[in-house]
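Chemist: I'd like to ask some things about the structure below.
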Amino acid sequence: MIKHLICKDFQDIANCKSNLFQCRESFAQVNYDFKCGNVYGIVSDFGCGSWGLVNCVGGRTESEQWLTGMVSVDNVVVTPKEMRDYSAFVGEKAYAGINDLCEQLSARECIEKALKISNQPFNVSDIKNMFNLSDERFERNLEYVSGEINRISIAVNFALGKEIFCFPWLNEHEIINIPISILNILKKHNKIILIPTSQKNYVKKISKHIIVFKCGKVIYK
């Protein structure tokens with residue numbers, strides 16, 4: 001379990017993609033200690049740093065070395081590749097070691113394979129019930145699970161034992177659809193949750209910690 005993740009003089013570039021948006025994004029230099037069991041709201045307008053930081057912390061940088069500064073996990077300096085091993089990207093349908101975009105399994109099949117890889121003390125029913133996955137979509141190919149893919153992707157990555165959960169950039173319509181019950185489960189299990197968004201007022205309601213990118217500056221709250 002990660003206890004804390006430190007970014008020191010950290011700045012990098014990421015190509016950010018989701019089902020709805022895509023951009024190439026950098027951000028002002030960050031110095032911050034992310035601790036387990038917390039939700040972090042990373043706030044900026046689209047293309048202005050929040051999504052770039054979340055992707056880079058998750059190891060999705062343009063290079064296999066940090067551009068500026070360093071990242072450490074429990075006082076051990078890590079690489080982008082090592083951060084990708086720790087990180088989950090919410091809403092995606094491909095999971096390393098389980099499937100790829102050409103092999104779309106069902107939620108049940110993905111969770112079964114994930115638990116075999118991680119050897120965590122859960123079974124498939126535990127994960128299904130924990131994340132309230134619907135019977136209707138549980139056996140469907142992931143291509144046909146519609147809006148439940150966010151919940152399913154969190155469940156699969158939880159089953160894999162991922163420690164950092166990276167949301168895509170969320171606008172005012174999407175952020176209100178984050179299930180608070182799922183955030184509470186992740187917090188209970190000491191995960192780090194990163195939510196990039198433009199919606200400062202709303203994300204403050206669901207997280208105790210805020211990083212704001214504004215006018216080229218970083219504000220920590």
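By convention here, the chains of the structure tokens are called A, B, ... in the order presented, each chain's residues are numbered starting at 1, and ligands are numbered starting at 1 in the order presented.
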I need the residues of region 52-159 of chain A that end up classed as alpha helix (DSSP H) by DSSP on the backbone, written out as a CSV table (one decimal) with C-alpha atoms, in the first residue's frame.
Modeler:
chain,number,residue,atom,x,y,z
A,52,GLY,CA,-1.9,17.0,-17.5
A,53,LEU,CA,-0.8,16.7,-13.9
A,54,VAL,CA,-3.1,13.7,-13.2
A,55,ASN,CA,-1.8,11.9,-16.4
A,56,CYS,CA,1.8,12.5,-15.5
A,57,VAL,CA,1.4,11.4,-11.9
A,80,PRO,CA,7.0,6.9,-15.1
A,81,LYS,CA,6.8,3.2,-15.9
A,82,GLU,CA,6.7,2.4,-12.2
A,83,MET,CA,3.9,4.9,-11.7
A,84,ARG,CA,1.9,3.3,-14.5
A,85,ASP,CA,2.1,0.1,-12.5
A,86,TYR,CA,0.5,1.8,-9.5
A,107,ALA,CA,-16.7,-7.3,-16.6
A,108,ARG,CA,-16.9,-10.7,-14.9
A,109,GLU,CA,-14.0,-12.1,-17.0
A,110,CYS,CA,-11.8,-9.0,-16.4
A,111,ILE,CA,-12.4,-9.2,-12.6
A,112,GLU,CA,-11.7,-12.9,-12.6
A,113,LYS,CA,-8.4,-12.4,-14.4
A,114,ALA,CA,-7.5,-9.4,-12.2
A,115,LEU,CA,-8.0,-11.3,-9.0
A,116,LYS,CA,-5.8,-14.2,-10.3
A,117,ILE,CA,-3.0,-11.7,-11.0
A,118,SER,CA,-3.3,-9.7,-7.7
A,124,VAL,CA,-15.8,-11.9,-8.1
A,125,SER,CA,-19.0,-11.5,-6.2
A,126,ASP,CA,-17.3,-9.4,-3.5
A,127,ILE,CA,-16.1,-7.0,-6.2
A,128,LYS,CA,-19.4,-7.0,-8.1
A,129,ASN,CA,-21.4,-6.1,-4.9
A,130,MET,CA,-18.8,-3.7,-3.6
A,135,ASP,CA,-26.5,-7.9,-13.4
A,136,GLU,CA,-27.6,-6.7,-16.9
A,137,ARG,CA,-24.1,-5.5,-17.9
A,138,PHE,CA,-21.9,-7.8,-15.8
A,149,ILE,CA,-17.8,1.6,-17.9
A,150,ASN,CA,-16.5,4.1,-15.3
A,151,ARG,CA,-17.8,1.9,-12.4
A,152,ILE,CA,-16.5,-1.3,-14.1
A,153,SER,CA,-13.1,0.2,-14.8
A,154,ILE,CA,-12.7,1.2,-11.1
A,155,ALA,CA,-13.9,-2.3,-10.0
A,156,VAL,CA,-11.4,-4.1,-12.4
A,157,ASN,CA,-8.5,-1.9,-11.3
A,158,PHE,CA,-9.4,-2.3,-7.6
A,159,ALA,CA,-9.3,-6.1,-8.2
Chemist: So that I can see what lies close to region 4-20 of chain A, please list as an NGL selection string the residues with an atom at most 10 Å from it, counting only C-alpha atoms and leaving out residues fewer than 6 positions away in the same chain.
Modeler: :A and (26-37 or 47 or 49 or 51-57 or 59-63 or 65-78 or 89-92 or 164 or 167-170 or 192)
Chemist: Report the distance between CA of Glu148 (chain A) and CA of Val43 (chain A) in Å, rounded to one decimal place.
Modeler: 24.8 Å
Chemist: At a cut-off of 9 Å, using only C-alpha atoms, what residues contact region 201-214 of chain A? Leave out same-chain residues fewer than 4 positions from it and give the result as a count of residues only.
Modeler: 24
Chemist: Looking only at strand (DSSP E or B) from DSSP on the backbone, list the matching residues of region 44-216 of chain A as an MDAnalysis selection string.
Modeler: chainID A and resid 68:73 76:78 87:89 100 103 106 141 164:166 170 192:197 209:214
Chemist: Between CA of Ser146 (chain A) and CA of Ile98 (chain A), what is the spacing in Å?
Modeler: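 Taking CA of Ile98 (chain A) and CA of Ser146 (chain A), their separation equals 20.1 Å.
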Chemist: To one decimal in Å, tell me the separation between CA of Glu143 (chain A) and CA of Leu101 (chain A).
Modeler: 9.2 Å
